[in-house]
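Report on the following structure.
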Amino acid sequence: MTTVASPIDRSAQSADALCAVGAEFHRRGWSLGTSSNYSLVTSRTPFRLLITASGMDKSSLTRADFVTLDEHGQQIDNHDDRAKPSAEAMLHVATARRPGVGAVLHTHSVWATTLSDLYHADGALFIEGYEMLKGLNGIKTHDHRERLEIIDNTQDIRTLAQKLTRRFDANDPALTYGFLLHKHGLYAWGRDLAEARRHIEIFEFLFEVIGRTLMLKGARTR
Ligand SMILES: [Zn+2]
């Protein structure tokens with residue numbers, strides 16, 4: 001006999017999965033302190049997004065450290081006055097509303113922050129020729145050039161979310177796996193949490209390889 005998980009069970013399971021992501025990303029140095037946010041689509045109709053609340057330490061998340069948002073970014077649960085969505089939640093909502101996106105993960109690693117500044121004038125970080133690129137969904141060969149856009153950081157998240165929504169609605173091919181925010185960090189997504197986590201891991205590996213290569217060569221390469 002199969003048992004069907006109730007919405008409450010599903011929400012708790014989703015929170016547990018995101019807690020595990022937080023513990024791992026903190027341990028690996030990608031989500032230190034209260035930085036970063038993680039979200040998971042728990043229902044498509046109606047749209048429901050479970051997301052880390054503002055100001056929570058990512059090394060020790062608990063089920064109480066999440067809020068649920070609707071498609072407008074409005075919080076639909078108020079089980080705990082302590083838990084409120086962060087300003088960046090609107091970027092998660094804008095991304096997760098896109099068909100085929102089941103989870104959105106955001107990190108603040110040293111290498112993402114460093115490279116987002118080093119290549120800011122170029123508008124993008126180009127990653128080319130690495131075997132690990134095949135960890136991105138749909139890429140079958142190392143012979144690939146991935147363009148990861150570097151978007152200006154802002155505290156006006158609502159305007160940035162509106163811009164992203166327009167680009168997603170237009171199926172902008174530049175926004176396939178994620179983007180960098182200047183001097184801030186990485187957003188990446190996937191059809192489910194496992195794929196989003198893998199995309200973060202692949203990008204963070206590639207960022208570190210590029211950064212360390214530049215350091216060892218002592219010069220910027222093109
Ligand atoms: Zn951030």
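Identifiers for the structure tokens are assigned positionally: chains receive A, B, ... in sequence, residues are indexed from 1 per chain, and ligands are indexed from 1 in the order shown.
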Check which residues of chain A sit at most 8 Å from ligand 1 using only C-alpha atoms and all ligand atoms, and return one row each with the closest pair of atoms and their distance in Å to one decimal, ordered by chain and rising number, as CSV.
```
residue,atom,partner,partner_atom_place_in_ligand_line,distance
A:Ser35,CA,ligand 1,1 (Zn),6.0
A:Ser36,CA,ligand 1,1 (Zn),5.0
A:Asn37,CA,ligand 1,1 (Zn),6.9
A:Glu88,CA,ligand 1,1 (Zn),6.7
A:His106,CA,ligand 1,1 (Zn),6.6
A:Thr107,CA,ligand 1,1 (Zn),6.8
A:His108,CA,ligand 1,1 (Zn),6.4
A:His184,CA,ligand 1,1 (Zn),6.1
A:Gly185,CA,ligand 1,1 (Zn),6.2
A:Leu186,CA,ligand 1,1 (Zn),7.9
```
Taking C-alpha atoms for each residue, export the selection above as a PDB file, in the first residue's frame.
```pdb
ATOM      1  CA  SER A  35      24.479  34.883   3.395  1.00  0.00           C
ATOM      2  CA  SER A  36      22.722  32.947   0.615  1.00  0.00           C
ATOM      3  CA  ASN A  37      19.144  31.780   0.071  1.00  0.00           C
ATOM      4  CA  GLU A  88      16.277  38.651  -2.504  1.00  0.00           C
ATOM      5  CA  HIS A 106      22.127  31.259  -4.248  1.00  0.00           C
ATOM      6  CA  THR A 107      25.665  31.251  -2.820  1.00  0.00           C
ATOM      7  CA  HIS A 108      28.231  33.853  -1.756  1.00  0.00           C
ATOM      8  CA  HIS A 184      27.896  39.417  -4.511  1.00  0.00           C
ATOM      9  CA  GLY A 185      27.522  35.786  -5.583  1.00  0.00           C
ATOM     10  CA  LEU A 186      25.956  33.125  -7.783  1.00  0.00           C
TER      11      LEU A 186
END
```
**Q.** Contact residues around Ile157 in chain A with only C-alpha atoms at 7 Å, ignoring same-chain residues under 2 positions, as a VMD selection string
**A.** chain A and resid 87 to 88 90 154 to 155 159 to 161
Q: List every residue of range 30-95 of chain A that DSSP, applied to the backbone of this structure, places in strand (DSSP E or B), and write the result as a PyMOL selection string.
A: chain A and resi 37-43+48-53+66-69+75+85
Q: Have a look at CA of Arg63 in chain A and CA of Val21 in chain A and let me know their distance in Å, one decimal.
A: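 Separating CA of Arg63 in chain A from CA of Val21 in chain A is a distance of 12.8 Å.
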Q: Could you tell me which of A:Asp57, A:Gln13, A:Val110, A:Glu24 comes closest to Arg197 in chain A if we count only C-alpha atoms?
A: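 Using only C-alpha atoms, Arg197 in chain A sits closest to A:Glu24.
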Q. In terms of the shortest atom-to-atom distance over only C-alpha atoms, which of A:Leu32, A:Gly211, A:Leu18, A:Arg158 is closest to Phe66 in chain A?
A. A:Leu18
Q | Surrounding residues of Asp169 in chain A excluding itself and chain neighbours under 6 positions, 12 Å, only C-alpha atoms, as a count of residues only | A | 8
(Q) Which residues are close to Ile210 in chain A, i.e. within 9 Å by only C-alpha atoms, leaving aside same-chain residues fewer than 3 positions away? Reply as a PyMOL selection string. (A) chain A and resi 111+115+127+205-207+213-215
Selection to disk with N, CA, C and O atoms, as a tab-separated table (two decimals), in the first residue's frame:
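So the final result, stored in again-v8.tsv, reads:
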```
chain	number	residue	atom	x	y	z
A	111	TRP	N	35.23	32.70	-4.56
A	111	TRP	CA	35.60	32.71	-5.99
A	111	TRP	C	34.53	33.37	-6.85
A	111	TRP	O	34.84	34.09	-7.81
A	115	LEU	N	35.60	36.61	-9.02
A	115	LEU	CA	35.53	36.60	-10.48
A	115	LEU	C	34.44	37.55	-11.00
A	115	LEU	O	34.58	38.12	-12.08
A	127	ILE	N	33.39	30.49	-19.64
A	127	ILE	CA	34.01	29.26	-19.14
A	127	ILE	C	34.06	28.29	-20.32
A	127	ILE	O	33.02	27.92	-20.87
A	205	PHE	N	33.18	24.76	-8.61
A	205	PHE	CA	34.43	24.10	-8.99
A	205	PHE	C	35.12	24.89	-10.10
A	205	PHE	O	36.34	25.17	-10.03
A	206	LEU	N	34.36	25.25	-11.13
A	206	LEU	CA	34.96	25.94	-12.28
A	206	LEU	C	35.47	27.33	-11.87
A	206	LEU	O	36.54	27.76	-12.35
A	207	PHE	N	34.75	28.02	-11.00
A	207	PHE	CA	35.22	29.33	-10.53
A	207	PHE	C	36.59	29.17	-9.84
A	207	PHE	O	37.51	29.96	-10.06
A	213	THR	N	43.95	29.21	-11.53
A	213	THR	CA	44.76	29.25	-12.74
A	213	THR	C	45.31	30.66	-12.96
A	213	THR	O	46.49	30.85	-13.28
A	214	LEU	N	44.44	31.66	-12.77
A	214	LEU	CA	44.89	33.04	-12.93
A	214	LEU	C	45.99	33.37	-11.92
A	214	LEU	O	46.98	34.03	-12.27
A	215	MET	N	45.83	32.90	-10.70
A	215	MET	CA	46.84	33.18	-9.68
A	215	MET	C	48.17	32.54	-10.06
A	215	MET	O	49.24	33.15	-9.92
```
Q) Looking at A:His26, A:His120, A:Lys134, A:Arg212, which one is nearest to Leu181 in chain A, with distances taken over only C-alpha atoms? A) A:His120
